[in-house]
file data.cif (mmCIF, N, CA, C and O atoms and all ligand atoms)
data_work
loop_
_atom_site.label_atom_id
_atom_site.label_comp_id
_atom_site.auth_asym_id
_atom_site.auth_seq_id
_atom_site.Cartn_x
_atom_site.Cartn_y
_atom_site.Cartn_z
N MET A 1 1.32 -97.05 -93.72
CA MET A 1 0.12 -96.43 -94.25
C MET A 1 -0.20 -95.19 -93.41
O MET A 1 -0.50 -95.32 -92.23
N PRO A 2 -0.13 -94.00 -94.00
CA PRO A 2 -0.44 -92.79 -93.22
C PRO A 2 -1.90 -92.76 -92.82
O PRO A 2 -2.79 -93.07 -93.62
N LYS A 3 -2.14 -92.38 -91.56
CA LYS A 3 -3.49 -92.32 -91.04
C LYS A 3 -3.68 -91.04 -90.25
O LYS A 3 -2.73 -90.47 -89.73
N LEU A 4 -4.92 -90.65 -90.13
CA LEU A 4 -5.31 -89.51 -89.31
C LEU A 4 -6.45 -89.98 -88.43
O LEU A 4 -7.48 -90.43 -88.95
N VAL A 5 -6.27 -89.91 -87.11
CA VAL A 5 -7.29 -90.41 -86.18
C VAL A 5 -8.12 -89.25 -85.65
O VAL A 5 -7.58 -88.29 -85.09
N CYS A 6 -9.42 -89.34 -85.84
CA CYS A 6 -10.35 -88.33 -85.33
C CYS A 6 -10.51 -88.55 -83.81
O CYS A 6 -10.41 -89.68 -83.34
N PRO A 7 -10.82 -87.48 -83.05
CA PRO A 7 -11.07 -87.67 -81.61
C PRO A 7 -12.19 -88.68 -81.31
O PRO A 7 -12.20 -89.27 -80.24
N CYS A 8 -13.11 -88.93 -82.25
CA CYS A 8 -14.18 -89.91 -82.02
C CYS A 8 -13.69 -91.33 -82.26
O CYS A 8 -14.41 -92.29 -81.97
N GLY A 9 -12.48 -91.48 -82.80
CA GLY A 9 -11.93 -92.81 -83.04
C GLY A 9 -11.89 -93.22 -84.50
O GLY A 9 -11.23 -94.20 -84.85
N TYR A 10 -12.61 -92.50 -85.35
CA TYR A 10 -12.57 -92.84 -86.78
C TYR A 10 -11.16 -92.62 -87.33
O TYR A 10 -10.49 -91.66 -86.98
N VAL A 11 -10.73 -93.54 -88.19
CA VAL A 11 -9.39 -93.44 -88.77
C VAL A 11 -9.51 -93.11 -90.27
O VAL A 11 -10.09 -93.88 -91.04
N HIS A 12 -8.98 -91.95 -90.64
CA HIS A 12 -8.91 -91.57 -92.05
C HIS A 12 -7.68 -92.25 -92.65
O HIS A 12 -6.58 -92.14 -92.12
N ASP A 13 -7.89 -92.95 -93.76
CA ASP A 13 -6.77 -93.58 -94.48
C ASP A 13 -6.25 -92.57 -95.50
O ASP A 13 -6.93 -92.21 -96.44
N LEU A 14 -5.02 -92.12 -95.28
CA LEU A 14 -4.44 -91.10 -96.16
C LEU A 14 -3.57 -91.71 -97.27
O LEU A 14 -2.89 -90.99 -97.99
N SER A 15 -3.62 -93.03 -97.41
CA SER A 15 -2.77 -93.72 -98.40
C SER A 15 -3.18 -93.49 -99.84
O SER A 15 -2.31 -93.30 -100.69
N PRO A 16 -4.48 -93.57 -100.17
CA PRO A 16 -4.84 -93.44 -101.59
C PRO A 16 -4.45 -92.08 -102.14
O PRO A 16 -4.50 -91.07 -101.43
N ILE A 17 -4.06 -92.05 -103.39
CA ILE A 17 -3.77 -90.79 -104.08
C ILE A 17 -4.59 -90.76 -105.36
O ILE A 17 -4.34 -91.56 -106.24
N PRO A 18 -5.56 -89.89 -105.48
CA PRO A 18 -6.00 -88.94 -104.47
C PRO A 18 -6.81 -89.62 -103.38
O PRO A 18 -7.33 -90.72 -103.58
N ASP A 19 -6.92 -88.95 -102.21
CA ASP A 19 -7.71 -89.51 -101.11
C ASP A 19 -9.05 -88.78 -101.02
O ASP A 19 -9.42 -88.06 -101.95
N ASP A 20 -9.76 -88.96 -99.90
CA ASP A 20 -11.10 -88.39 -99.76
C ASP A 20 -11.10 -86.95 -99.25
O ASP A 20 -12.16 -86.36 -99.08
N GLY A 21 -9.92 -86.38 -99.01
CA GLY A 21 -9.85 -85.03 -98.45
C GLY A 21 -9.94 -83.94 -99.50
O GLY A 21 -10.07 -84.20 -100.69
N TRP A 22 -9.91 -82.71 -98.98
CA TRP A 22 -9.88 -81.53 -99.83
C TRP A 22 -8.48 -80.94 -99.79
O TRP A 22 -7.78 -81.05 -98.79
N VAL A 23 -8.11 -80.28 -100.88
CA VAL A 23 -6.89 -79.48 -100.90
C VAL A 23 -7.33 -78.02 -100.80
O VAL A 23 -8.12 -77.56 -101.61
N LEU A 24 -6.81 -77.33 -99.77
CA LEU A 24 -7.19 -75.94 -99.53
C LEU A 24 -6.06 -75.01 -99.92
O LEU A 24 -4.89 -75.31 -99.67
N VAL A 25 -6.42 -73.91 -100.53
CA VAL A 25 -5.43 -72.88 -100.88
C VAL A 25 -6.09 -71.52 -100.67
O VAL A 25 -7.27 -71.33 -100.97
N ARG A 26 -5.33 -70.57 -100.09
CA ARG A 26 -5.87 -69.22 -99.93
C ARG A 26 -6.08 -68.64 -101.33
O ARG A 26 -5.27 -68.85 -102.23
N ASP A 27 -7.16 -67.90 -101.45
CA ASP A 27 -7.49 -67.29 -102.74
C ASP A 27 -6.32 -66.44 -103.25
O ASP A 27 -5.97 -66.49 -104.43
N ARG A 28 -5.69 -65.70 -102.35
CA ARG A 28 -4.59 -64.82 -102.77
C ARG A 28 -3.36 -65.62 -103.24
O ARG A 28 -2.49 -65.07 -103.91
N ASP A 29 -3.26 -66.89 -102.87
CA ASP A 29 -2.14 -67.74 -103.27
C ASP A 29 -2.44 -68.62 -104.47
O ASP A 29 -1.58 -69.38 -104.93
N TYR A 30 -3.67 -68.54 -104.98
CA TYR A 30 -4.09 -69.47 -106.02
C TYR A 30 -3.26 -69.36 -107.30
O TYR A 30 -2.86 -70.37 -107.88
N GLU A 31 -2.98 -68.14 -107.74
CA GLU A 31 -2.19 -67.96 -108.97
C GLU A 31 -0.78 -68.52 -108.79
O GLU A 31 -0.23 -69.16 -109.70
N ALA A 32 -0.19 -68.29 -107.62
CA ALA A 32 1.15 -68.84 -107.35
C ALA A 32 1.11 -70.36 -107.35
O ALA A 32 2.01 -71.03 -107.88
N LEU A 33 0.05 -70.92 -106.79
CA LEU A 33 -0.09 -72.38 -106.78
C LEU A 33 -0.14 -72.93 -108.20
O LEU A 33 0.54 -73.91 -108.53
N LEU A 34 -0.93 -72.27 -109.06
CA LEU A 34 -1.02 -72.72 -110.45
C LEU A 34 0.34 -72.66 -111.14
O LEU A 34 0.69 -73.56 -111.91
N ALA A 35 1.11 -71.61 -110.87
CA ALA A 35 2.43 -71.48 -111.49
C ALA A 35 3.37 -72.60 -111.01
O ALA A 35 4.09 -73.19 -111.82
N TRP A 36 3.35 -72.87 -109.70
CA TRP A 36 4.20 -73.95 -109.19
C TRP A 36 3.76 -75.31 -109.71
O TRP A 36 4.58 -76.18 -110.03
N GLU A 37 2.44 -75.51 -109.81
CA GLU A 37 1.93 -76.78 -110.35
C GLU A 37 2.36 -76.96 -111.80
O GLU A 37 2.73 -78.05 -112.23
N ALA A 38 2.33 -75.88 -112.58
CA ALA A 38 2.75 -75.95 -113.98
C ALA A 38 4.24 -76.28 -114.08
O ALA A 38 4.65 -77.08 -114.93
N ARG A 39 5.01 -75.67 -113.18
CA ARG A 39 6.46 -75.95 -113.17
C ARG A 39 6.71 -77.41 -112.81
O ARG A 39 7.54 -78.09 -113.41
N ARG A 40 5.96 -77.89 -111.82
CA ARG A 40 6.10 -79.29 -111.40
C ARG A 40 5.73 -80.24 -112.55
O ARG A 40 6.41 -81.24 -112.78
N GLU A 41 4.66 -79.91 -113.25
CA GLU A 41 4.21 -80.74 -114.37
C GLU A 41 5.26 -80.75 -115.49
O GLU A 41 5.54 -81.78 -116.08
N ALA A 42 5.87 -79.59 -115.75
CA ALA A 42 6.87 -79.49 -116.82
C ALA A 42 8.13 -80.30 -116.49
O ALA A 42 8.79 -80.81 -117.40
N LEU A 43 8.43 -80.41 -115.22
CA LEU A 43 9.63 -81.16 -114.82
C LEU A 43 9.42 -82.66 -114.87
O LEU A 43 10.38 -83.43 -114.92
N GLY A 44 8.14 -83.06 -114.87
CA GLY A 44 7.82 -84.48 -115.00
C GLY A 44 8.48 -85.34 -113.96
O GLY A 44 8.45 -85.03 -112.79
N LYS A 45 9.09 -86.40 -114.41
CA LYS A 45 9.74 -87.35 -113.50
C LYS A 45 11.25 -87.17 -113.60
O LYS A 45 11.96 -87.99 -114.16
N ALA A 46 11.73 -86.08 -113.03
CA ALA A 46 13.17 -85.80 -113.04
C ALA A 46 13.91 -86.84 -112.20
O ALA A 46 13.40 -87.34 -111.19
N LEU A 47 15.09 -87.15 -112.62
CA LEU A 47 15.89 -88.17 -111.92
C LEU A 47 16.66 -87.55 -110.75
O LEU A 47 17.19 -86.44 -110.87
N PRO A 48 16.72 -88.29 -109.62
CA PRO A 48 17.49 -87.79 -108.48
C PRO A 48 18.94 -87.48 -108.88
O PRO A 48 19.55 -88.21 -109.65
N GLY A 49 19.45 -86.36 -108.38
CA GLY A 49 20.81 -85.96 -108.68
C GLY A 49 20.89 -84.96 -109.82
O GLY A 49 21.92 -84.30 -110.00
N SER A 50 19.83 -84.81 -110.59
CA SER A 50 19.84 -83.86 -111.70
C SER A 50 19.39 -82.48 -111.21
O SER A 50 18.76 -82.35 -110.16
N ALA A 51 19.72 -81.46 -112.00
CA ALA A 51 19.28 -80.10 -111.67
C ALA A 51 17.76 -80.01 -111.70
O ALA A 51 17.14 -79.32 -110.88
N ASP A 52 17.14 -80.73 -112.65
CA ASP A 52 15.67 -80.74 -112.72
C ASP A 52 15.07 -81.35 -111.46
O ASP A 52 14.00 -80.91 -111.01
N PHE A 53 15.74 -82.33 -110.89
CA PHE A 53 15.21 -82.96 -109.67
C PHE A 53 15.20 -81.95 -108.53
O PHE A 53 14.23 -81.87 -107.76
N ASP A 54 16.27 -81.16 -108.42
CA ASP A 54 16.31 -80.13 -107.38
C ASP A 54 15.17 -79.12 -107.58
O ASP A 54 14.54 -78.68 -106.62
N SER A 55 14.90 -78.77 -108.83
CA SER A 55 13.80 -77.84 -109.12
C SER A 55 12.45 -78.48 -108.80
O SER A 55 11.53 -77.81 -108.31
N LEU A 56 12.34 -79.79 -109.05
CA LEU A 56 11.11 -80.50 -108.73
C LEU A 56 10.88 -80.53 -107.22
O LEU A 56 9.75 -80.31 -106.75
N VAL A 57 11.93 -80.76 -106.47
CA VAL A 57 11.83 -80.75 -105.00
C VAL A 57 11.40 -79.36 -104.51
O VAL A 57 10.55 -79.23 -103.63
N GLU A 58 11.98 -78.32 -105.13
CA GLU A 58 11.61 -76.95 -104.77
C GLU A 58 10.13 -76.70 -105.08
O GLU A 58 9.42 -76.09 -104.26
N ALA A 59 9.66 -77.16 -106.23
CA ALA A 59 8.26 -76.97 -106.61
C ALA A 59 7.34 -77.73 -105.67
O ALA A 59 6.29 -77.21 -105.26
N ASP A 60 7.71 -78.95 -105.32
CA ASP A 60 6.91 -79.74 -104.37
C ASP A 60 6.79 -79.00 -103.03
O ASP A 60 5.72 -78.94 -102.44
N ALA A 61 7.91 -78.47 -102.56
CA ALA A 61 7.91 -77.76 -101.27
C ALA A 61 7.02 -76.52 -101.35
O ALA A 61 6.28 -76.22 -100.40
N ALA A 62 7.08 -75.81 -102.47
CA ALA A 62 6.27 -74.60 -102.62
C ALA A 62 4.78 -74.94 -102.62
O ALA A 62 3.98 -74.27 -101.96
N VAL A 63 4.41 -76.00 -103.33
CA VAL A 63 3.01 -76.43 -103.36
C VAL A 63 2.56 -76.82 -101.96
O VAL A 63 1.46 -76.45 -101.51
N ASN A 64 3.40 -77.53 -101.22
CA ASN A 64 3.04 -77.94 -99.86
C ASN A 64 2.89 -76.74 -98.94
O ASN A 64 2.04 -76.75 -98.05
N GLU A 65 3.70 -75.72 -99.13
CA GLU A 65 3.60 -74.52 -98.30
C GLU A 65 2.32 -73.73 -98.58
O GLU A 65 1.77 -73.09 -97.70
N LEU A 66 1.87 -73.78 -99.82
CA LEU A 66 0.70 -72.98 -100.21
C LEU A 66 -0.62 -73.69 -99.93
O LEU A 66 -1.68 -73.06 -100.04
N THR A 67 -0.57 -74.96 -99.59
CA THR A 67 -1.81 -75.72 -99.44
C THR A 67 -1.92 -76.35 -98.06
O THR A 67 -0.93 -76.53 -97.37
N GLU A 68 -3.16 -76.65 -97.69
CA GLU A 68 -3.44 -77.46 -96.51
C GLU A 68 -4.40 -78.56 -96.96
O GLU A 68 -5.01 -78.48 -98.02
N ARG A 69 -4.53 -79.57 -96.12
CA ARG A 69 -5.46 -80.67 -96.39
C ARG A 69 -6.59 -80.59 -95.37
O ARG A 69 -6.38 -80.15 -94.23
N GLN A 70 -7.76 -81.01 -95.80
CA GLN A 70 -8.91 -81.04 -94.88
C GLN A 70 -9.67 -82.34 -95.08
O GLN A 70 -9.87 -82.77 -96.21
N TYR A 71 -10.07 -82.94 -93.96
CA TYR A 71 -10.81 -84.20 -93.98
C TYR A 71 -12.04 -84.06 -93.11
O TYR A 71 -11.95 -83.53 -92.00
N GLU A 72 -13.18 -84.56 -93.60
CA GLU A 72 -14.42 -84.55 -92.82
C GLU A 72 -14.67 -85.95 -92.31
O GLU A 72 -14.66 -86.92 -93.09
N CYS A 73 -14.88 -86.06 -91.01
CA CYS A 73 -15.12 -87.36 -90.39
C CYS A 73 -16.54 -87.83 -90.72
O CYS A 73 -17.50 -87.13 -90.42
N PRO A 74 -16.67 -89.02 -91.31
CA PRO A 74 -18.01 -89.53 -91.59
C PRO A 74 -18.73 -89.99 -90.33
O PRO A 74 -19.95 -90.17 -90.34
N GLY A 75 -18.00 -90.14 -89.23
CA GLY A 75 -18.61 -90.59 -87.99
C GLY A 75 -19.22 -89.45 -87.18
O GLY A 75 -20.35 -89.55 -86.72
N CYS A 76 -18.50 -88.35 -87.01
CA CYS A 76 -18.96 -87.27 -86.13
C CYS A 76 -19.06 -85.93 -86.84
O CYS A 76 -19.56 -84.97 -86.25
N GLY A 77 -18.58 -85.82 -88.05
CA GLY A 77 -18.68 -84.57 -88.80
C GLY A 77 -17.57 -83.58 -88.53
O GLY A 77 -17.56 -82.50 -89.12
N ARG A 78 -16.64 -83.90 -87.63
CA ARG A 78 -15.54 -82.97 -87.38
C ARG A 78 -14.71 -82.77 -88.65
O ARG A 78 -14.61 -83.68 -89.48
N LEU A 79 -14.12 -81.59 -88.76
CA LEU A 79 -13.18 -81.31 -89.83
C LEU A 79 -11.78 -81.32 -89.24
O LEU A 79 -11.54 -80.70 -88.20
N ALA A 80 -10.88 -82.02 -89.88
CA ALA A 80 -9.46 -82.01 -89.50
C ALA A 80 -8.73 -81.28 -90.61
O ALA A 80 -8.88 -81.59 -91.79
N ARG A 81 -7.94 -80.28 -90.22
CA ARG A 81 -7.28 -79.43 -91.21
C ARG A 81 -5.83 -79.25 -90.82
O ARG A 81 -5.52 -79.00 -89.66
N GLY A 82 -4.93 -79.38 -91.81
CA GLY A 82 -3.53 -79.18 -91.51
C GLY A 82 -2.66 -79.33 -92.73
O GLY A 82 -3.12 -79.52 -93.85
N ASN A 83 -1.38 -79.22 -92.46
CA ASN A 83 -0.39 -79.33 -93.53
C ASN A 83 0.74 -80.21 -93.00
O ASN A 83 1.51 -79.77 -92.17
N GLY A 84 0.79 -81.43 -93.44
CA GLY A 84 1.83 -82.33 -92.96
C GLY A 84 1.36 -83.15 -91.77
O GLY A 84 0.26 -83.68 -91.77
N ALA A 85 2.18 -83.21 -90.74
CA ALA A 85 1.89 -84.09 -89.62
C ALA A 85 0.91 -83.49 -88.61
O ALA A 85 0.28 -84.21 -87.85
N ALA A 86 0.78 -82.17 -88.57
CA ALA A 86 -0.06 -81.53 -87.56
C ALA A 86 -1.42 -81.15 -88.15
O ALA A 86 -1.50 -80.44 -89.15
N PHE A 87 -2.49 -81.65 -87.49
CA PHE A 87 -3.85 -81.32 -87.90
C PHE A 87 -4.60 -80.73 -86.72
O PHE A 87 -4.40 -81.13 -85.57
N ARG A 88 -5.49 -79.77 -86.98
CA ARG A 88 -6.39 -79.22 -85.97
C ARG A 88 -7.79 -79.71 -86.29
O ARG A 88 -8.15 -79.82 -87.46
N CYS A 89 -8.58 -79.99 -85.26
CA CYS A 89 -9.95 -80.47 -85.47
C CYS A 89 -10.95 -79.39 -85.13
O CYS A 89 -10.76 -78.63 -84.17
N PHE A 90 -12.02 -79.34 -85.91
CA PHE A 90 -13.09 -78.38 -85.71
C PHE A 90 -14.42 -79.14 -85.72
O PHE A 90 -14.62 -80.04 -86.52
N ARG A 91 -15.32 -78.73 -84.80
CA ARG A 91 -16.64 -79.35 -84.75
C ARG A 91 -17.70 -78.25 -84.82
O ARG A 91 -17.54 -77.20 -84.18
N ALA A 92 -18.77 -78.51 -85.56
CA ALA A 92 -19.86 -77.53 -85.66
C ALA A 92 -20.49 -77.31 -84.29
O ALA A 92 -20.56 -78.23 -83.48
N GLU A 93 -20.95 -76.08 -84.04
CA GLU A 93 -21.56 -75.77 -82.75
C GLU A 93 -22.95 -76.34 -82.60
O GLU A 93 -23.43 -76.53 -81.50
N SER A 94 -23.64 -76.58 -83.69
CA SER A 94 -25.00 -77.13 -83.58
C SER A 94 -25.11 -78.43 -84.33
O SER A 94 -24.30 -78.76 -85.13
ZN ZN A 101 -14.96 -88.22 -85.91
#
call {"tool": "encode", "arguments": {"input": "data.cif", "output": "structure tokens"}}
result
Amino acid sequence: MPKLVCPCGYVHDLSPIPDDGWVLVRDRDYEALLAWEARREALGKALPGSADFDSLVEADAAVNELTERQYECPGCGRLARGNGAAFRCFRAES
């Protein structure tokens, strides 16, 4: 079960799809994201070993490169933001 641990000790459960986080995309990349998402949707559930599966993997990778995830800790309010295994934490100054 993938988890993200906040510095305060709270554990975000990243297992549910969708989960409680946000998906972030730069405004300038939004149109490209929509195009890759449409391509991914059109490929549906391609079977491993097929040419469509390779295209689906490419589309998945492109979507992952264009997006980051963000989670707000319900315990301390910190924001954890990242893409994949590495997350950075941010806390409000006041
Ligand atoms: Zn926290």
call {"tool": "residues_around", "arguments": {"input": "data.cif", "residues": "stretch 30-32 of chain A", "least_positions_apart": "6", "cutoff": "8 Å", "atoms": "all atoms listed in the file", "output": "list in words"}}
result
Ala38, Arg39, Ala59, Ala62, Val63 and Leu66 of chain A
call {"tool": "closest_residue", "arguments": {"input": "data.cif", "among": "A:Gly82, A:Gly77, A:Pro48, A:Pro7", "to": "A:Val23", "atoms": "only C-alpha atoms"}}
result
A:Gly82
call {"tool": "select_by_dssp", "arguments": {"input": "data.cif", "residues": "chain A", "states": "helix (DSSP H, G or I)", "output": "PyMOL selection string"}}
result
chain A and resi 27-43+51-66
call {"tool": "closest_residue", "arguments": {"input": "data.cif", "among": "A:Ala92, A:Leu24, A:Cys6, A:Leu34", "to": "ligand ZN 101 (chain A)", "atoms": "all atoms listed in the file"}}
result
A:Cys6
call {"tool": "residues_near_ligand", "arguments": {"input": "data.cif", "ligand": "ligand ZN 101 (chain A)", "cutoff": "7 Å", "atoms": "only C-alpha atoms and all ligand atoms", "output": "PyMOL selection string"}}
result
chain A and resi 6-10+73-78
call {"tool": "write_last_selection", "arguments": {"input": "data.cif", "atoms": "N, CA, C and O atoms", "output": "mmCIF file, in the frame of the given file"}}
result
data_model
loop_
_atom_site.group_PDB
_atom_site.id
_atom_site.type_symbol
_atom_site.label_atom_id
_atom_site.label_comp_id
_atom_site.auth_asym_id
_atom_site.auth_seq_id
_atom_site.Cartn_x
_atom_site.Cartn_y
_atom_site.Cartn_z
ATOM 1 N N CYS A 6 -9.420 -89.340 -85.840
ATOM 2 C CA CYS A 6 -10.350 -88.330 -85.330
ATOM 3 C C CYS A 6 -10.510 -88.550 -83.810
ATOM 4 O O CYS A 6 -10.410 -89.680 -83.340
ATOM 5 N N PRO A 7 -10.820 -87.480 -83.050
ATOM 6 C CA PRO A 7 -11.070 -87.670 -81.610
ATOM 7 C C PRO A 7 -12.190 -88.680 -81.310
ATOM 8 O O PRO A 7 -12.200 -89.270 -80.240
ATOM 9 N N CYS A 8 -13.110 -88.930 -82.250
ATOM 10 C CA CYS A 8 -14.180 -89.910 -82.020
ATOM 11 C C CYS A 8 -13.690 -91.330 -82.260
ATOM 12 O O CYS A 8 -14.410 -92.290 -81.970
ATOM 13 N N GLY A 9 -12.480 -91.480 -82.800
ATOM 14 C CA GLY A 9 -11.930 -92.810 -83.040
ATOM 15 C C GLY A 9 -11.890 -93.220 -84.500
ATOM 16 O O GLY A 9 -11.230 -94.200 -84.850
ATOM 17 N N TYR A 10 -12.610 -92.500 -85.350
ATOM 18 C CA TYR A 10 -12.570 -92.840 -86.780
ATOM 19 C C TYR A 10 -11.160 -92.620 -87.330
ATOM 20 O O TYR A 10 -10.490 -91.660 -86.980
ATOM 21 N N CYS A 73 -14.880 -86.060 -91.010
ATOM 22 C CA CYS A 73 -15.120 -87.360 -90.390
ATOM 23 C C CYS A 73 -16.540 -87.830 -90.720
ATOM 24 O O CYS A 73 -17.500 -87.130 -90.420
ATOM 25 N N PRO A 74 -16.670 -89.020 -91.310
ATOM 26 C CA PRO A 74 -18.010 -89.530 -91.590
ATOM 27 C C PRO A 74 -18.730 -89.990 -90.330
ATOM 28 O O PRO A 74 -19.950 -90.170 -90.340
ATOM 29 N N GLY A 75 -18.000 -90.140 -89.230
ATOM 30 C CA GLY A 75 -18.610 -90.590 -87.990
ATOM 31 C C GLY A 75 -19.220 -89.450 -87.180
ATOM 32 O O GLY A 75 -20.350 -89.550 -86.720
ATOM 33 N N CYS A 76 -18.500 -88.350 -87.010
ATOM 34 C CA CYS A 76 -18.960 -87.270 -86.130
ATOM 35 C C CYS A 76 -19.060 -85.930 -86.840
ATOM 36 O O CYS A 76 -19.560 -84.970 -86.250
ATOM 37 N N GLY A 77 -18.580 -85.820 -88.050
ATOM 38 C CA GLY A 77 -18.680 -84.570 -88.800
ATOM 39 C C GLY A 77 -17.570 -83.580 -88.530
ATOM 40 O O GLY A 77 -17.560 -82.500 -89.120
ATOM 41 N N ARG A 78 -16.640 -83.900 -87.630
ATOM 42 C CA ARG A 78 -15.540 -82.970 -87.380
ATOM 43 C C ARG A 78 -14.710 -82.770 -88.650
ATOM 44 O O ARG A 78 -14.610 -83.680 -89.480
#
call {"tool": "atom_distance", "arguments": {"input": "data.cif", "atom1": "atom N of A:Asn83", "atom2": "atom C of A:Ser50"}}
result
28.2 Å
call {"tool": "decode", "arguments": {"input": "data.cif", "residues": "stretch 1-8 of chain A", "atoms": "all heavy atoms", "output": "PDB file, in the first residue's frame"}}
result
ATOM      1  N   MET A   1       0.848  -1.179   0.000  1.00  0.00           N
ATOM      2  CA  MET A   1       0.000   0.000   0.000  1.00  0.00           C
ATOM      3  C   MET A   1       0.893   1.241   0.000  1.00  0.00           C
ATOM      4  O   MET A   1       1.625   1.466   0.955  1.00  0.00           O
ATOM      5  CB  MET A   1      -0.906  -0.036   1.228  1.00  0.00           C
ATOM      6  CG  MET A   1      -1.680   1.230   1.435  1.00  0.00           C
ATOM      7  SD  MET A   1      -3.044   1.137   2.619  1.00  0.00           S
ATOM      8  CE  MET A   1      -2.259   0.700   4.129  1.00  0.00           C
ATOM      9  N   PRO A   2       0.865   2.033  -1.073  1.00  0.00           N
ATOM     10  CA  PRO A   2       1.704   3.234  -1.099  1.00  0.00           C
ATOM     11  C   PRO A   2       1.260   4.243  -0.048  1.00  0.00           C
ATOM     12  O   PRO A   2       0.059   4.480   0.131  1.00  0.00           O
ATOM     13  CB  PRO A   2       1.515   3.774  -2.512  1.00  0.00           C
ATOM     14  CG  PRO A   2       0.306   3.120  -3.056  1.00  0.00           C
ATOM     15  CD  PRO A   2       0.075   1.868  -2.279  1.00  0.00           C
ATOM     16  N   LYS A   3       2.247   4.822   0.634  1.00  0.00           N
ATOM     17  CA  LYS A   3       1.965   5.790   1.687  1.00  0.00           C
ATOM     18  C   LYS A   3       2.901   6.972   1.554  1.00  0.00           C
ATOM     19  O   LYS A   3       3.994   6.859   1.019  1.00  0.00           O
ATOM     20  CB  LYS A   3       2.179   5.152   3.061  1.00  0.00           C
ATOM     21  CG  LYS A   3       1.251   4.022   3.378  1.00  0.00           C
ATOM     22  CD  LYS A   3       1.592   3.423   4.714  1.00  0.00           C
ATOM     23  CE  LYS A   3       0.688   2.241   5.002  1.00  0.00           C
ATOM     24  NZ  LYS A   3       1.059   1.557   6.225  1.00  0.00           N
ATOM     25  N   LEU A   4       2.475   8.080   2.102  1.00  0.00           N
ATOM     26  CA  LEU A   4       3.286   9.283   2.177  1.00  0.00           C
ATOM     27  C   LEU A   4       3.219   9.756   3.623  1.00  0.00           C
ATOM     28  O   LEU A   4       2.123  10.010   4.135  1.00  0.00           O
ATOM     29  CB  LEU A   4       2.741  10.343   1.221  1.00  0.00           C
ATOM     30  CG  LEU A   4       3.357  11.727   1.292  1.00  0.00           C
ATOM     31  CD1 LEU A   4       4.842  11.688   0.920  1.00  0.00           C
ATOM     32  CD2 LEU A   4       2.601  12.675   0.369  1.00  0.00           C
ATOM     33  N   VAL A   5       4.373   9.841   4.288  1.00  0.00           N
ATOM     34  CA  VAL A   5       4.397  10.208   5.702  1.00  0.00           C
ATOM     35  C   VAL A   5       4.758  11.687   5.837  1.00  0.00           C
ATOM     36  O   VAL A   5       5.795  12.132   5.342  1.00  0.00           O
ATOM     37  CB  VAL A   5       5.409   9.345   6.485  1.00  0.00           C
ATOM     38  CG1 VAL A   5       5.407   9.740   7.959  1.00  0.00           C
ATOM     39  CG2 VAL A   5       5.075   7.866   6.323  1.00  0.00           C
ATOM     40  N   CYS A   6       3.900  12.428   6.507  1.00  0.00           N
ATOM     41  CA  CYS A   6       4.138  13.848   6.777  1.00  0.00           C
ATOM     42  C   CYS A   6       5.169  13.956   7.911  1.00  0.00           C
ATOM     43  O   CYS A   6       5.228  13.078   8.778  1.00  0.00           O
ATOM     44  CB  CYS A   6       2.814  14.498   7.193  1.00  0.00           C
ATOM     45  SG  CYS A   6       2.957  16.267   7.542  1.00  0.00           S
ATOM     46  N   PRO A   7       5.956  15.047   7.958  1.00  0.00           N
ATOM     47  CA  PRO A   7       6.888  15.222   9.073  1.00  0.00           C
ATOM     48  C   PRO A   7       6.206  15.204  10.448  1.00  0.00           C
ATOM     49  O   PRO A   7       6.847  14.880  11.441  1.00  0.00           O
ATOM     50  CB  PRO A   7       7.531  16.593   8.793  1.00  0.00           C
ATOM     51  CG  PRO A   7       7.467  16.710   7.310  1.00  0.00           C
ATOM     52  CD  PRO A   7       6.149  16.064   6.920  1.00  0.00           C
ATOM     53  N   CYS A   8       4.905  15.501  10.532  1.00  0.00           N
ATOM     54  CA  CYS A   8       4.196  15.463  11.822  1.00  0.00           C
ATOM     55  C   CYS A   8       3.802  14.041  12.199  1.00  0.00           C
ATOM     56  O   CYS A   8       3.332  13.806  13.312  1.00  0.00           O
ATOM     57  CB  CYS A   8       2.955  16.352  11.785  1.00  0.00           C
ATOM     58  SG  CYS A   8       1.526  15.644  10.920  1.00  0.00           S
TER      59      CYS A   8
END
